[in-house]
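Colleague: Input: one structure, supplied below.
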Amino acid sequence: MDKIIVVGSGFSGSILARKLAEECGRKVTIIEKRAHIGGNMYDEYDENGILIQKYGPHFLNTNKYFIIEFLEQYAELFPHDTKLLSFIDGNYVRLPFNFKTLQQLVGAKKSEALLAKMRKEFAGRDRVPIFELTESDDEDIREYGNLLFEKAYRTYTAKQWGLNPEDIDRSVLDRVPMAMNFDERYLNKDFQYLPKKGFTNLFKNMLDHPNIEIKLNTDALEYIEFDEEKKKINYDGEPVELLIFTGAIDELFGLKYGRLPYRSLDIKYAYENRKSILPSEIISYPQASGYTRSTEYKKMTYGIDQDMPVSMTATEYPLPYNPDAEKGNIPYYPIIAQENVRLYEKYFEEAERYGNIVLCGRLAEYKYYNMDVCIEHALEKFEEIKKQLEE
């Protein structure tokens with residue numbers, strides 16, 4: 001009964017495993033379905049020394065320095081302000097949309113009066129969600145908000161989520177609000193970093209502990225059993241003290257209430273014999289057909305020679321998650337809409353029936369966590385588990 005099983009080796013599972021092993025002295029077994037640790041944070045160097053994040057670009061942005069200090073235990077970090085561009089009407093404009101974007105889209109002369117109105121209406125605010133612009137009482141601000149919405153948000157959302165913006169929870173759409181200044185950083189977070197040797201190296205160090213055992217290429221769902229009499233979960237025929245689950249909660253319960261929808265990605269790579277391909281590390285393409293953004297990882301790789309005469313881009317094509325499909329068989333993003341949240345609540349109530357399961361992470365809790373929130377949440381969850389184990 002002293003077994004602790006952690007399903008999944010992304011940030012949620014790895015942080016909980018390390019804290020339990022180190023601070024509580026507990027033996028922890030991590031069960032990972034894939035052939036590598038790190039979940040969707042996994043990265044690896046290609047033959048040119050470019051560090052490729054295999055499941056799309058990830059950046060560490062936070063206002064809480066303790067998160068940086070926590071990660072610095074396992075990796076050397078370097079400051080990296082994330083800056084993006086968006087390709088709209090044949091031109092590259094700043095993303096997040098800011099005052100420079102406004103000038104680019106409406107022209108410098110027309111922008112003068114509109115900038116004055118923006119500064120007055122949103123005085124003291126650094127960033128404002130796009131929907132506030134579209135709902136403004138001022139006709140000019142509202143017109144500009146609708147322009148942004150139609151040229152960027154509506155088209156991008158339709159591709160990214162497979163839904164109209166009206167059907168998506170606003171918390172998702174408000175993740176990248178407009179900057180009420182000329183700030184070029186993608187997010188206005190105080191501390192922005194990347195690990196020098198990549199996220200996989202960080203995870204290796206985090207999980208390097210004598211109390212942690214890792215089993216790769218193992219589908220935990222084949223070994224999880226539900227003891228209805230004792231209202232406990234067993235693993236591989238034996239009772240466990242705790243099962244920490246970070247995977248898709250609907251699949252844990254055999255889809256008994258129906259499948260929760262997720263969005264997935266098909267990522268296509270292209271190498272070119274050029275020093276630089278894109279004008280920024282990431283370009284958003286709201287008006288393009290089928291794909292949403294491209295990343296040039298060379299621009300994010302620490303210490304690499306930017307004059308090296310080769311580079312590559314990774315372009316993302318969103319599609320529905322289907323575990324049985326050749327493409328799109330990895331769940332990336334829970335689709336936060338009212339109907340889906342109600343379905344998730346059924347699965348959550350099912351999990352609550354068993355006394356030795358902990359749900360943690362984007363898939364298990366069906367929430368769109370940013371990296372910093374995911375890390376902080378896992379640390380908070382550990383404190384809850386620690387109290388539970390001490391009782």
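Letters A, B, ... go to the chains of the structure tokens in the order shown; residues in each chain start at 1; ligands are counted from 1 in the same order.
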Taking the backbone alone, and naming residues the way the document does, which bits of region 99-314 of chain A are strand (DSSP E or B) by DSSP, as JSON, numbers by chain?

Modeller: {"A": [127, 128, 178, 179, 191, 192, 193, 194, 195, 212, 213, 214, 215, 224, 225, 226, 227, 232, 233, 234, 235, 238, 239, 242, 243, 244, 245, 262, 263, 264, 265, 266, 267, 268, 269, 270, 271, 272, 282, 283, 284, 293, 294, 295, 311, 312, 313, 314]}

Colleague: Fewer than 6 positions away in the same chain doesn't count, so skip those; otherwise give me all residues within 10 Å of region 50-55 of chain A, counting only C-alpha atoms, as a PyMOL selection string.

Modeller: chain A and resi 39-44+196-200+264-267+295-305+310-314+316+330+332

Colleague: Can you work out which one of A:Ala35, A:Ile283, A:Leu173, A:Ala123 has the shortest atom-to-atom distance to Asn217 (chain A), counting only C-alpha atoms?

Modeller: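 Going through A:Ala35, A:Ile283, A:Leu173, A:Ala123 one by one, the smallest distance to Asn217 (chain A) is for A:Ala35.
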
Colleague: Out of A:Leu343, A:Leu163, A:Ala116, A:Leu255, which residue has the shortest atom-to-atom distance to Phe99 (chain A) when counting only C-alpha atoms?

Modeller: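 So, comparing all the options, the nearest one is A:Ala116.
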
Colleague: Write out as a list in words each polymer residue whose atoms come within 12 Å of Tyr344 (chain A), counting only C-alpha atoms; drop sequence neighbours fewer than 6 positions from it.

Modeller: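 The contact residues come out as Ala248, Ile249, Asp250, Glu251, Phe253, Leu255, Lys256, Tyr257, Gly258, Arg259, Leu260, Pro261, Tyr262, Pro334, Ile335, Ile336, Ala337, Gln338, Glu350, Ala351, Leu363, Ala364, Glu365, Tyr366 and Lys367 of chain A.
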
Colleague: Keeping only C-alpha atoms, write those residues as a short mmCIF file (atom, residue, chain, number, x, y, z; two decimals), in the first residue's frame.

Modeller:
data_model
loop_
_atom_site.label_atom_id
_atom_site.label_comp_id
_atom_site.auth_asym_id
_atom_site.auth_seq_id
_atom_site.Cartn_x
_atom_site.Cartn_y
_atom_site.Cartn_z
CA ALA A 248 -6.85 12.54 -20.29
CA ILE A 249 -9.52 11.93 -17.64
CA ASP A 250 -12.14 10.64 -20.09
CA GLU A 251 -9.78 7.88 -21.24
CA PHE A 253 -12.75 6.02 -17.26
CA LEU A 255 -15.04 7.19 -22.22
CA LYS A 256 -18.11 6.04 -20.29
CA TYR A 257 -19.78 9.45 -20.60
CA GLY A 258 -18.41 10.20 -24.06
CA ARG A 259 -15.13 11.60 -25.36
CA LEU A 260 -13.90 15.00 -24.23
CA PRO A 261 -12.74 16.96 -27.28
CA TYR A 262 -9.17 18.16 -27.59
CA PRO A 334 -8.71 21.03 -24.10
CA ILE A 335 -11.53 22.90 -25.82
CA ILE A 336 -12.93 25.04 -23.03
CA ALA A 337 -16.62 25.47 -23.85
CA GLN A 338 -19.67 25.14 -21.57
CA GLU A 350 -16.47 9.76 -11.01
CA ALA A 351 -12.88 10.26 -9.84
CA LEU A 363 -5.55 16.96 -19.51
CA ALA A 364 -6.62 15.52 -16.17
CA GLU A 365 -8.32 18.74 -15.06
CA TYR A 366 -9.42 19.85 -18.52
CA LYS A 367 -7.98 23.35 -18.15
#

Colleague: Hey, what's within 8 Å of Met180 (chain A) if we count only C-alpha atoms and toss same-chain stuff fewer than 5 positions away? As a list in words, please?

Modeller: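 Result of the neighbour search: Asn98, Phe99, Met118, Arg119, Phe122, Arg125, Asp126, Arg127 and Val128 of chain A.
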
Colleague: Among the residues of region 203-267 of chain A, find those DSSP assigns to alpha helix (DSSP H) from the backbone and print them as number ranges by chain.

Modeller: A: 203-206, 249-252

Colleague: What does the distance between CA of Leu60 (chain A) and CA of Ala378 (chain A) come to in Å, to one decimal place?

Modeller: 15.4 Å

Colleague: Can you tell me which residues surround Asp174 (chain A) at a distance of at most 10 Å, considering only C-alpha atoms, apart from same-chain residues fewer than 4 positions away, and format the answer as a list in words?

Modeller: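 Using only C-alpha atoms, the neighbours found are Val128, Pro129, Ile130, Phe131, Glu132, Asp169, Arg170 and Met178 of chain A.
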
Colleague: Between CA of Thr218 (chain A) and CA of Phe203 (chain A), measure the distance and give it in Å to one decimal.

Modeller: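 CA of Phe203 (chain A) lies at a distance of 18.3 Å from CA of Thr218 (chain A).
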
Colleague: Fewer than 6 positions away in the same chain doesn't count, so skip those; otherwise give me all residues within 9 Å of Gln104 (chain A), counting only C-alpha atoms, as a ChimeraX atom specification.

Modeller: /A:91-94,111

Colleague: Quick one: write out the picked residues with C-alpha atoms as a compact mmCIF listing (two decimals), in the first residue's frame?

Modeller:
# COMPACT_ATOMS: atom_id res chain seq x y z
CA ASN A 91 2.45 42.51 -44.07
CA TYR A 92 4.15 41.53 -40.83
CA VAL A 93 2.61 43.32 -37.84
CA ARG A 94 3.55 43.14 -34.19
CA SER A 111 -3.66 56.56 -35.63

Colleague: Closest to Tyr156 (chain A) among A:Tyr65, A:Tyr285, A:Phe78, A:Tyr144, using only C-alpha atoms?

Modeller: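 Of the candidates, the smallest distance to Tyr156 (chain A) is held by A:Tyr285.
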
Colleague: Have a look at A:Lys64, A:Glu47, A:Asn234, A:Leu359 and name the one nearest to Phe382 (chain A); count only C-alpha atoms.

Modeller: A:Leu359

Colleague: Just checking: using only C-alpha atoms, which residue out of A:Thr246, A:Ser86, A:Ser9, A:Thr155 ends up closest to Glu32 (chain A)?

Modeller: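 Among the listed residues, A:Ser9 lies closest to Glu32 (chain A).
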
Colleague: Taking 2 positions as the minimum chain separation for residues in the same chain, which residues sit within 9 Å of Asn188 (chain A) when counting only C-alpha atoms? Answer as a count of residues only.

Modeller: 12

Colleague: Which value, in Å to one decimal, gives the distance between CA of Lys386 (chain A) and CA of Lys27 (chain A)?

Modeller: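 For CA of Lys386 (chain A) relative to CA of Lys27 (chain A), the distance reads 13.8 Å.
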